[in-house]
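The structure file coords_19.txt is reproduced below (compact mmCIF, N, CA and C atoms and all ligand atoms).
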```
# COMPACT_ATOMS: atom_id res chain seq x y z
N MET A 1 37.91 -72.97 88.76
CA MET A 1 39.27 -72.49 88.52
C MET A 1 39.22 -71.02 88.17
N SER A 2 40.08 -70.26 88.79
CA SER A 2 40.08 -68.84 88.46
C SER A 2 41.01 -68.59 87.27
N PHE A 3 40.68 -67.58 86.55
CA PHE A 3 41.27 -67.40 85.24
C PHE A 3 41.28 -65.91 84.94
N VAL A 4 42.40 -65.42 84.50
CA VAL A 4 42.49 -64.01 84.16
C VAL A 4 42.73 -63.89 82.67
N GLN A 5 42.02 -63.01 82.04
CA GLN A 5 42.23 -62.79 80.62
C GLN A 5 42.19 -61.29 80.37
N GLU A 6 43.22 -60.77 79.80
CA GLU A 6 43.22 -59.33 79.53
C GLU A 6 44.06 -59.02 78.30
N ARG A 7 44.03 -57.75 77.93
CA ARG A 7 44.82 -57.30 76.79
C ARG A 7 46.17 -56.81 77.29
N THR A 8 47.17 -57.08 76.52
CA THR A 8 48.48 -56.58 76.87
C THR A 8 49.17 -56.11 75.60
N CYS A 9 50.33 -55.52 75.75
CA CYS A 9 51.06 -55.04 74.58
C CYS A 9 52.02 -56.13 74.12
N CYS A 10 51.99 -56.45 72.85
CA CYS A 10 52.87 -57.48 72.32
C CYS A 10 54.33 -57.01 72.36
N PRO A 11 55.23 -57.80 72.98
CA PRO A 11 56.63 -57.38 73.06
C PRO A 11 57.33 -57.35 71.70
N GLN A 12 56.78 -58.07 70.72
CA GLN A 12 57.44 -58.12 69.41
C GLN A 12 56.96 -57.00 68.49
N CYS A 13 55.64 -56.86 68.33
CA CYS A 13 55.14 -55.90 67.33
C CYS A 13 54.48 -54.68 67.95
N GLY A 14 54.17 -54.72 69.26
CA GLY A 14 53.58 -53.56 69.92
C GLY A 14 52.08 -53.44 69.78
N ASN A 15 51.45 -54.38 69.05
CA ASN A 15 49.99 -54.36 68.94
C ASN A 15 49.39 -55.03 70.17
N GLN A 16 48.07 -55.06 70.21
CA GLN A 16 47.39 -55.70 71.33
C GLN A 16 47.53 -57.21 71.26
N ALA A 17 47.93 -57.81 72.38
CA ALA A 17 48.03 -59.26 72.46
C ALA A 17 47.12 -59.74 73.59
N GLU A 18 46.81 -61.03 73.57
CA GLU A 18 45.97 -61.63 74.59
C GLU A 18 46.86 -62.17 75.71
N PHE A 19 46.52 -61.84 76.94
CA PHE A 19 47.23 -62.37 78.09
C PHE A 19 46.28 -63.22 78.91
N GLU A 20 46.71 -64.42 79.26
CA GLU A 20 45.87 -65.31 80.06
C GLU A 20 46.71 -65.87 81.21
N ALA A 21 46.11 -65.95 82.37
CA ALA A 21 46.80 -66.56 83.51
C ALA A 21 45.80 -67.42 84.27
N ASP A 22 46.24 -68.56 84.78
CA ASP A 22 45.34 -69.38 85.58
C ASP A 22 45.85 -69.47 87.01
N CYS A 23 45.06 -70.08 87.88
CA CYS A 23 45.38 -70.08 89.30
C CYS A 23 46.54 -71.00 89.64
N TRP A 24 47.05 -71.77 88.70
CA TRP A 24 48.20 -72.63 88.96
C TRP A 24 49.52 -71.95 88.57
N GLY A 25 49.46 -70.70 88.25
CA GLY A 25 50.69 -69.96 87.98
C GLY A 25 51.15 -70.01 86.55
N SER A 26 50.35 -70.60 85.67
CA SER A 26 50.72 -70.57 84.26
C SER A 26 50.23 -69.28 83.65
N GLN A 27 51.01 -68.73 82.79
CA GLN A 27 50.53 -67.58 82.05
C GLN A 27 51.00 -67.63 80.62
N ARG A 28 50.23 -66.98 79.78
CA ARG A 28 50.44 -67.12 78.37
C ARG A 28 50.12 -65.80 77.68
N THR A 29 50.96 -65.42 76.76
CA THR A 29 50.70 -64.24 75.94
C THR A 29 50.71 -64.68 74.48
N THR A 30 49.67 -64.37 73.76
CA THR A 30 49.64 -64.68 72.34
C THR A 30 49.22 -63.44 71.56
N CYS A 31 49.91 -63.20 70.48
CA CYS A 31 49.60 -62.05 69.64
C CYS A 31 49.00 -62.55 68.33
N LEU A 32 47.79 -62.08 68.03
CA LEU A 32 47.11 -62.51 66.80
C LEU A 32 47.48 -61.64 65.61
N ILE A 33 48.37 -60.69 65.82
CA ILE A 33 48.82 -59.85 64.71
C ILE A 33 50.13 -60.39 64.13
N CYS A 34 51.14 -60.58 64.97
CA CYS A 34 52.43 -61.05 64.45
C CYS A 34 52.67 -62.53 64.75
N GLY A 35 51.92 -63.10 65.70
CA GLY A 35 52.09 -64.52 66.01
C GLY A 35 53.05 -64.80 67.17
N TYR A 36 53.49 -63.76 67.84
CA TYR A 36 54.37 -63.94 69.01
C TYR A 36 53.67 -64.76 70.07
N TYR A 37 54.45 -65.60 70.76
CA TYR A 37 53.89 -66.53 71.72
C TYR A 37 54.83 -66.65 72.90
N GLU A 38 54.27 -66.57 74.09
CA GLU A 38 55.10 -66.70 75.29
C GLU A 38 54.29 -67.45 76.33
N GLN A 39 54.91 -68.44 76.94
CA GLN A 39 54.21 -69.21 77.96
C GLN A 39 55.13 -69.44 79.13
N GLU A 40 54.61 -69.21 80.31
CA GLU A 40 55.39 -69.45 81.51
C GLU A 40 54.58 -70.36 82.41
N SER A 41 55.19 -71.43 82.85
CA SER A 41 54.48 -72.34 83.75
C SER A 41 55.40 -72.76 84.88
N LEU A 42 54.80 -73.02 86.03
CA LEU A 42 55.58 -73.41 87.20
C LEU A 42 55.99 -74.87 87.09
N LYS A 43 57.17 -75.17 87.63
CA LYS A 43 57.63 -76.56 87.68
C LYS A 43 57.49 -77.06 89.11
N PHE A 44 57.13 -78.34 89.26
CA PHE A 44 56.95 -78.92 90.59
C PHE A 44 57.82 -80.16 90.72
N ASP A 45 58.33 -80.39 91.93
CA ASP A 45 59.12 -81.60 92.16
C ASP A 45 58.18 -82.77 92.50
N ALA A 46 58.78 -83.93 92.84
CA ALA A 46 57.99 -85.13 93.07
C ALA A 46 57.02 -84.98 94.24
N GLU A 47 57.36 -84.09 95.22
CA GLU A 47 56.47 -83.88 96.37
C GLU A 47 55.41 -82.82 96.08
N GLY A 48 55.47 -82.24 94.92
CA GLY A 48 54.49 -81.22 94.58
C GLY A 48 54.88 -79.83 95.01
N ASN A 49 56.16 -79.65 95.38
CA ASN A 49 56.62 -78.31 95.74
C ASN A 49 57.09 -77.56 94.49
N CYS A 50 56.77 -76.32 94.48
CA CYS A 50 57.17 -75.52 93.35
C CYS A 50 58.68 -75.36 93.32
N CYS A 51 59.29 -75.60 92.17
CA CYS A 51 60.76 -75.50 92.09
C CYS A 51 61.15 -74.69 90.85
N GLY A 52 60.55 -73.55 90.72
CA GLY A 52 60.93 -72.68 89.61
C GLY A 52 59.89 -72.67 88.51
N SER A 53 60.24 -72.01 87.45
CA SER A 53 59.29 -71.92 86.35
C SER A 53 60.02 -72.12 85.04
N ARG A 54 59.25 -72.36 84.06
CA ARG A 54 59.78 -72.63 82.75
C ARG A 54 59.11 -71.68 81.78
N ARG A 55 59.91 -71.11 80.90
CA ARG A 55 59.35 -70.10 80.00
C ARG A 55 59.68 -70.49 78.56
N ASP A 56 58.67 -70.49 77.75
CA ASP A 56 58.85 -70.75 76.31
C ASP A 56 58.45 -69.50 75.55
N ILE A 57 59.32 -69.09 74.65
CA ILE A 57 59.00 -67.93 73.82
C ILE A 57 59.09 -68.34 72.36
N GLY A 58 58.07 -68.04 71.62
CA GLY A 58 58.08 -68.33 70.19
C GLY A 58 57.99 -67.04 69.41
N LYS A 59 58.94 -66.82 68.55
CA LYS A 59 58.90 -65.64 67.72
C LYS A 59 57.71 -65.71 66.75
N GLY A 60 57.09 -64.58 66.51
CA GLY A 60 56.00 -64.54 65.55
C GLY A 60 56.52 -64.39 64.13
N PHE A 61 56.00 -65.22 63.22
CA PHE A 61 56.34 -65.09 61.80
C PHE A 61 55.16 -64.62 60.98
N GLY A 62 54.03 -64.40 61.67
CA GLY A 62 52.83 -63.99 60.97
C GLY A 62 51.66 -64.86 61.37
N VAL A 63 50.47 -64.40 61.01
CA VAL A 63 49.25 -65.11 61.38
C VAL A 63 48.31 -65.14 60.18
N LEU A 64 47.66 -66.29 60.01
CA LEU A 64 46.56 -66.42 59.06
C LEU A 64 45.28 -66.50 59.88
N GLY A 65 44.38 -65.55 59.68
CA GLY A 65 43.12 -65.55 60.42
C GLY A 65 41.95 -65.48 59.45
N TYR A 66 40.90 -66.21 59.76
CA TYR A 66 39.71 -66.18 58.89
C TYR A 66 38.54 -66.87 59.59
N ARG A 67 37.37 -66.66 59.01
CA ARG A 67 36.17 -67.37 59.44
C ARG A 67 35.49 -67.89 58.19
N TYR A 68 35.15 -69.18 58.20
CA TYR A 68 34.39 -69.71 57.07
C TYR A 68 33.02 -69.05 57.03
N ILE A 69 32.51 -68.84 55.85
CA ILE A 69 31.28 -68.07 55.65
C ILE A 69 30.09 -68.73 56.37
N ASP A 70 30.12 -70.06 56.51
CA ASP A 70 29.00 -70.77 57.13
C ASP A 70 29.33 -71.25 58.54
N ASP A 71 30.28 -70.58 59.19
CA ASP A 71 30.72 -71.02 60.51
C ASP A 71 30.89 -69.79 61.41
N ASN A 72 30.74 -69.94 62.72
CA ASN A 72 30.93 -68.83 63.64
C ASN A 72 32.30 -68.84 64.29
N PHE A 73 33.09 -69.84 63.97
CA PHE A 73 34.36 -70.01 64.65
C PHE A 73 35.49 -69.32 63.91
N PHE A 74 36.30 -68.59 64.65
CA PHE A 74 37.45 -67.92 64.05
C PHE A 74 38.69 -68.82 64.12
N TRP A 75 39.36 -68.95 63.03
CA TRP A 75 40.58 -69.74 62.99
C TRP A 75 41.79 -68.82 62.96
N ASN A 76 42.77 -69.15 63.76
CA ASN A 76 44.03 -68.42 63.73
C ASN A 76 45.18 -69.42 63.62
N HIS A 77 45.89 -69.34 62.54
CA HIS A 77 47.06 -70.20 62.35
C HIS A 77 48.31 -69.38 62.57
N PHE A 78 49.15 -69.84 63.47
CA PHE A 78 50.41 -69.16 63.72
C PHE A 78 51.45 -69.72 62.77
N LEU A 79 51.97 -68.86 61.93
CA LEU A 79 52.92 -69.30 60.92
C LEU A 79 54.29 -69.53 61.55
N LYS A 80 54.96 -70.59 61.09
CA LYS A 80 56.18 -71.02 61.77
C LYS A 80 57.46 -70.59 61.05
N THR A 81 57.34 -70.23 59.80
CA THR A 81 58.50 -69.79 59.04
C THR A 81 58.09 -68.61 58.16
N PRO A 82 59.05 -67.80 57.73
CA PRO A 82 58.70 -66.67 56.86
C PRO A 82 58.02 -67.14 55.56
N GLY A 83 58.45 -68.29 55.03
CA GLY A 83 57.89 -68.77 53.78
C GLY A 83 56.43 -69.17 53.87
N GLU A 84 56.00 -69.56 55.07
CA GLU A 84 54.61 -70.01 55.23
C GLU A 84 53.62 -68.90 54.94
N SER A 85 54.02 -67.65 55.14
CA SER A 85 53.06 -66.56 54.93
C SER A 85 52.68 -66.45 53.46
N HIS A 86 53.61 -66.82 52.56
CA HIS A 86 53.27 -66.78 51.13
C HIS A 86 52.27 -67.88 50.77
N ASP A 87 52.46 -69.07 51.35
CA ASP A 87 51.48 -70.15 51.15
C ASP A 87 50.12 -69.74 51.72
N ALA A 88 50.16 -69.11 52.91
CA ALA A 88 48.91 -68.69 53.55
C ALA A 88 48.21 -67.62 52.71
N GLU A 89 49.01 -66.70 52.17
CA GLU A 89 48.44 -65.64 51.35
C GLU A 89 47.77 -66.23 50.11
N ARG A 90 48.47 -67.18 49.46
CA ARG A 90 47.92 -67.81 48.26
C ARG A 90 46.62 -68.54 48.58
N TRP A 91 46.65 -69.29 49.69
CA TRP A 91 45.47 -70.06 50.08
C TRP A 91 44.30 -69.13 50.37
N LEU A 92 44.57 -68.06 51.12
CA LEU A 92 43.48 -67.17 51.52
C LEU A 92 42.90 -66.44 50.32
N ARG A 93 43.76 -66.01 49.39
CA ARG A 93 43.25 -65.31 48.20
C ARG A 93 42.32 -66.23 47.39
N SER A 94 42.70 -67.51 47.29
CA SER A 94 41.82 -68.40 46.51
C SER A 94 40.55 -68.72 47.30
N ALA A 95 40.65 -68.80 48.65
CA ALA A 95 39.45 -69.04 49.46
C ALA A 95 38.50 -67.84 49.37
N LEU A 96 39.07 -66.64 49.29
CA LEU A 96 38.23 -65.44 49.15
C LEU A 96 37.56 -65.40 47.79
N ARG A 97 38.34 -65.78 46.75
CA ARG A 97 37.77 -65.80 45.39
C ARG A 97 36.60 -66.76 45.29
N SER A 98 36.74 -67.92 45.95
CA SER A 98 35.68 -68.93 45.88
C SER A 98 34.53 -68.62 46.84
N GLY A 99 34.70 -67.60 47.69
CA GLY A 99 33.63 -67.22 48.61
C GLY A 99 33.51 -68.13 49.82
N ALA A 100 34.55 -68.91 50.13
CA ALA A 100 34.49 -69.86 51.25
C ALA A 100 34.68 -69.17 52.60
N VAL A 101 35.42 -68.05 52.61
CA VAL A 101 35.67 -67.38 53.88
C VAL A 101 35.10 -65.97 53.86
N ASP A 102 34.81 -65.47 55.06
CA ASP A 102 34.24 -64.15 55.25
C ASP A 102 35.32 -63.10 55.02
N VAL A 103 35.08 -62.20 54.08
CA VAL A 103 36.11 -61.23 53.68
C VAL A 103 36.46 -60.27 54.82
N ASP A 104 35.48 -59.96 55.70
CA ASP A 104 35.73 -59.00 56.78
C ASP A 104 36.63 -59.56 57.88
N THR A 105 36.74 -60.87 57.97
CA THR A 105 37.53 -61.47 59.05
C THR A 105 38.87 -62.03 58.56
N ALA A 106 39.07 -62.07 57.26
CA ALA A 106 40.23 -62.77 56.71
C ALA A 106 41.45 -61.86 56.65
N TYR A 107 42.58 -62.37 57.12
CA TYR A 107 43.82 -61.61 57.00
C TYR A 107 45.03 -62.54 57.05
N VAL A 108 46.11 -62.07 56.47
CA VAL A 108 47.40 -62.73 56.60
C VAL A 108 48.43 -61.64 56.92
N THR A 109 49.24 -61.90 57.93
CA THR A 109 50.33 -60.98 58.23
C THR A 109 51.66 -61.71 58.08
N ARG A 110 52.72 -60.93 57.97
CA ARG A 110 54.06 -61.48 57.86
C ARG A 110 54.99 -60.60 58.67
N TRP A 111 55.83 -61.23 59.46
CA TRP A 111 56.80 -60.46 60.23
C TRP A 111 58.00 -60.16 59.34
N SER A 112 58.41 -58.90 59.31
CA SER A 112 59.58 -58.52 58.53
C SER A 112 60.73 -58.18 59.46
N ASP A 113 61.81 -58.98 59.38
CA ASP A 113 63.00 -58.69 60.19
C ASP A 113 63.69 -57.42 59.71
N GLU A 114 63.64 -57.17 58.40
CA GLU A 114 64.30 -55.98 57.86
C GLU A 114 63.65 -54.71 58.40
N LEU A 115 62.32 -54.66 58.37
CA LEU A 115 61.60 -53.48 58.81
C LEU A 115 61.36 -53.49 60.32
N ASN A 116 61.55 -54.67 60.94
CA ASN A 116 61.25 -54.85 62.35
C ASN A 116 59.79 -54.50 62.68
N GLN A 117 58.92 -54.85 61.76
CA GLN A 117 57.49 -54.65 62.01
C GLN A 117 56.68 -55.65 61.20
N VAL A 118 55.39 -55.69 61.54
CA VAL A 118 54.53 -56.66 60.89
C VAL A 118 53.97 -56.04 59.60
N GLU A 119 53.93 -56.86 58.55
CA GLU A 119 53.35 -56.41 57.28
C GLU A 119 52.03 -57.14 57.07
N VAL A 120 51.04 -56.42 56.59
CA VAL A 120 49.76 -57.04 56.29
C VAL A 120 49.72 -57.40 54.81
N LEU A 121 49.59 -58.70 54.52
CA LEU A 121 49.57 -59.16 53.13
C LEU A 121 48.16 -59.16 52.55
N VAL A 122 47.19 -59.54 53.38
CA VAL A 122 45.79 -59.59 52.94
C VAL A 122 44.93 -59.10 54.10
N GLY A 123 43.90 -58.32 53.80
CA GLY A 123 42.88 -57.96 54.77
C GLY A 123 43.32 -56.96 55.81
N ASP A 124 42.60 -56.94 56.93
CA ASP A 124 42.79 -55.94 57.97
C ASP A 124 42.69 -56.65 59.34
N PRO A 125 43.84 -57.02 59.92
CA PRO A 125 43.78 -57.82 61.15
C PRO A 125 43.20 -57.04 62.34
ZN ZN B 1 52.69 -59.12 68.01
```

Hey, can you dump this file as structure tokens for me?
Amino acid sequence: MSFVQERTCCPQCGNQAEFEADCWGSQRTTCLICGYYEQESLKFDAEGNCCGSRRDIGKGFGVLGYRYIDDNFFWNHFLKTPGESHDAERWLRSALRSGAVDVDTAYVTRWSDELNQVEVLVGDP
């Protein structure tokens, strides 16, 4: 399967976002800074003919990103409400205090509607 992956500009916050497209016409943009999400996929009828596309857009409310100190895998949680960023911030600060997560990879962001930009609550995304 052919697959395209490149960097693009996030339509919400203007930072670098990940763009992915596959050979079936699906494409996806995800921003690890503000949490913006966009997915477009083709729709097919019962005979398998393409009959348009469907687009889902998710506003970014912020992202919690970190790596556990004993793991190589990066976790990114897309926050679903403005309030979740405060829970994420609290959780991450206590995880950093206990030494469970790698300080260089840990961050929490929050989207601010008032400022129309992303705010960094913890770390450096
Ligand atoms: Zn963004």

Select the residues contacting ligand ZN 1 (chain B) at a distance of at most 8 Å, based on only N, CA and C atoms and all ligand atoms, then format the selection as number ranges by chain.
A: 9-17, 30-37, 60, 118

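Distance annotation: of A:Val4, A:Leu121, A:Ala106, A:Ala88, the residue with the minimal separation from Cys23 in chain A is A:Val4; atom set is all atoms listed in the file.
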
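Residue neighbourhood of Gly25 in chain A, excluding near-sequence residues (fewer than 2 positions): Ala21, Asp22, Cys23, Gln27, Glu40, Ser41 and Leu42 of chain A, at 6.5 Å, using all atoms listed in the file.
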
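Here the question is which of A:Pro82, A:Gly65, A:Gly58, A:Gly52 gets nearest to Tyr107 in chain A using all atoms listed in the file, and that residue is A:Gly65.
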
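Going from atom C of Arg54 in chain A over to CA of Arg28 in chain A, you cover 10.4 Å.
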
Env of Thr81 in chain A: 8 Å cut, atoms = only N, CA and C atoms, seq-sep filter 6 positions within chain, self excluded. Answer as an NGL selection string.
:A and (60-62 or 111)

Straight-line distance linking atom N of Lys43 in chain A with atom C of Glu20 in chain A, stated in Å to one decimal:
15.4 Å

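We find atom N of Thr109 in chain A and atom N of Asp56 in chain A to be spaced 23.6 Å apart.
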
Give, as AutoDock Vina command-line options, the centre coordinates and the x, y and z edge lengths in Å to one decimal for an axis-aligned box around all listed atoms of range 103-122 of chain A, padded by 6 Å on each side.
```
--center_x 49.7 --center_y -58.1 --center_z 57.6 --size_x 41.2 --size_y 21.3 --size_z 22.1
```

If you run DSSP on the backbone here, which positions in range 76-108 of chain A get alpha helix (DSSP H)? Please write them as a PyMOL selection string.
chain A and resi 84-97

May I have the selected residues written with N, CA and C atoms, as a tab-separated table (two decimals), keeping the file's coordinate frame?
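Written file, again-v5.tsv:
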```tsv
chain	number	residue	atom	x	y	z
A	84	GLU	N	56.00	-69.56	55.07
A	84	GLU	CA	54.61	-70.01	55.23
A	84	GLU	C	53.62	-68.90	54.94
A	85	SER	N	54.02	-67.65	55.14
A	85	SER	CA	53.06	-66.56	54.93
A	85	SER	C	52.68	-66.45	53.46
A	86	HIS	N	53.61	-66.82	52.56
A	86	HIS	CA	53.27	-66.78	51.13
A	86	HIS	C	52.27	-67.88	50.77
A	87	ASP	N	52.46	-69.07	51.35
A	87	ASP	CA	51.48	-70.15	51.15
A	87	ASP	C	50.12	-69.74	51.72
A	88	ALA	N	50.16	-69.11	52.91
A	88	ALA	CA	48.91	-68.69	53.55
A	88	ALA	C	48.21	-67.62	52.71
A	89	GLU	N	49.01	-66.70	52.17
A	89	GLU	CA	48.44	-65.64	51.35
A	89	GLU	C	47.77	-66.23	50.11
A	90	ARG	N	48.47	-67.18	49.46
A	90	ARG	CA	47.92	-67.81	48.26
A	90	ARG	C	46.62	-68.54	48.58
A	91	TRP	N	46.65	-69.29	49.69
A	91	TRP	CA	45.47	-70.06	50.08
A	91	TRP	C	44.30	-69.13	50.37
A	92	LEU	N	44.57	-68.06	51.12
A	92	LEU	CA	43.48	-67.17	51.52
A	92	LEU	C	42.90	-66.44	50.32
A	93	ARG	N	43.76	-66.01	49.39
A	93	ARG	CA	43.25	-65.31	48.20
A	93	ARG	C	42.32	-66.23	47.39
A	94	SER	N	42.70	-67.51	47.29
A	94	SER	CA	41.82	-68.40	46.51
A	94	SER	C	40.55	-68.72	47.30
A	95	ALA	N	40.65	-68.80	48.65
A	95	ALA	CA	39.45	-69.04	49.46
A	95	ALA	C	38.50	-67.84	49.37
A	96	LEU	N	39.07	-66.64	49.29
A	96	LEU	CA	38.23	-65.44	49.15
A	96	LEU	C	37.56	-65.40	47.79
A	97	ARG	N	38.34	-65.78	46.75
A	97	ARG	CA	37.77	-65.80	45.39
A	97	ARG	C	36.60	-66.76	45.29
```

Spatial neighbours of His77 in chain A, max dist 8 Å, all atoms listed in the file, sep filter under 2 positions, as an MDAnalysis selection string:
chainID A and resid 35 62:66 74:75 79:80
